[in-house]
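Here's the structure, in structure tokens; my notes come after.
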Amino acid sequence: MNGDDMGELPGNDVGPAGGGPLRVRPAVLHDAADRLTGLAYRLGHGLAGQPELTVAAPGWAAADLLVTVEAAVHRQVSRAGADAAATGQALTRAAVEYDAADWRAVHRLAR
């Protein structure tokens, strides 16, 4: 369920603690979530099938270190992809919750 399921409301203004009004536009949250999901996919799959990021250096003193660096790069990129996916999911949940709250308010006011 996203903003398209219920129609688009103009957004709402909320006042964060200690600050001024904040304009929330769920459609923008949905867009950001979609972009993060795409980024997460590219990060998660971009290095798949690319096991040799470093040059093989048999006999070099640094050969084992290069393998360790390569593995660390794979882990970090995968972790970044997982973080981007989790953030995208959180933005989607927030957008859906804002939309739902707006529509509940509309229905209450329409009575």
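Residues in the structure tokens are named by chain (A, B, ... in the order shown) and by number from 1 within that chain; ligands are numbered from 1 in the order shown.
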
With only C-alpha atoms as the counted atoms, please give the residues lying no more than 6 Å from Gly44 in chain A, apart from itself and same-chain residues fewer than 2 positions off, as a PDB file with C-alpha atoms, in the first residue's frame.
ATOM      1  CA  ALA A  40      20.942  -1.717  -2.811  1.00  0.00           C
ATOM      2  CA  TYR A  41      20.425  -4.116  -5.711  1.00  0.00           C
ATOM      3  CA  ARG A  42      23.395  -2.710  -7.619  1.00  0.00           C
ATOM      4  CA  GLY A  46      27.477  -5.476  -8.718  1.00  0.00           C
ATOM      5  CA  SER A  78      27.537  -6.022   0.582  1.00  0.00           C
ATOM      6  CA  GLY A  81      23.816  -2.707   0.009  1.00  0.00           C
TER       7      GLY A  81
END

What are the nearest atom pairs, with distances in Å to one decimal, for all residues of range 59-101 of chain A that come at most 12 Å from range 20-24 of chain A, using only C-alpha atoms, set out by chain and rising residue number as a Markdown table?
| residue | atom | partner | partner_atom | distance |
| --- | --- | --- | --- | --- |
| A:Leu91 | CA | A:Val24 | CA | 11.7 |
| A:Ala94 | CA | A:Val24 | CA | 10.0 |
| A:Ala95 | CA | A:Val24 | CA | 8.7 |
| A:Val96 | CA | A:Val24 | CA | 11.8 |
| A:Glu97 | CA | A:Val24 | CA | 11.3 |
| A:Tyr98 | CA | A:Val24 | CA | 8.0 |
| A:Asp99 | CA | A:Val24 | CA | 9.9 |
| A:Ala101 | CA | A:Val24 | CA | 11.9 |

**Item:** Polymer residues at most 10 Å from Thr87 in chain A, only C-alpha atoms, same-chain spacing of 3 or more positions, as a ChimeraX atom specification
**Value:** /A:32-33,36-37,40,81-84,90-93

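CA of Leu66 in chain A sits 19.8 Å away from CA of Arg79 in chain A.
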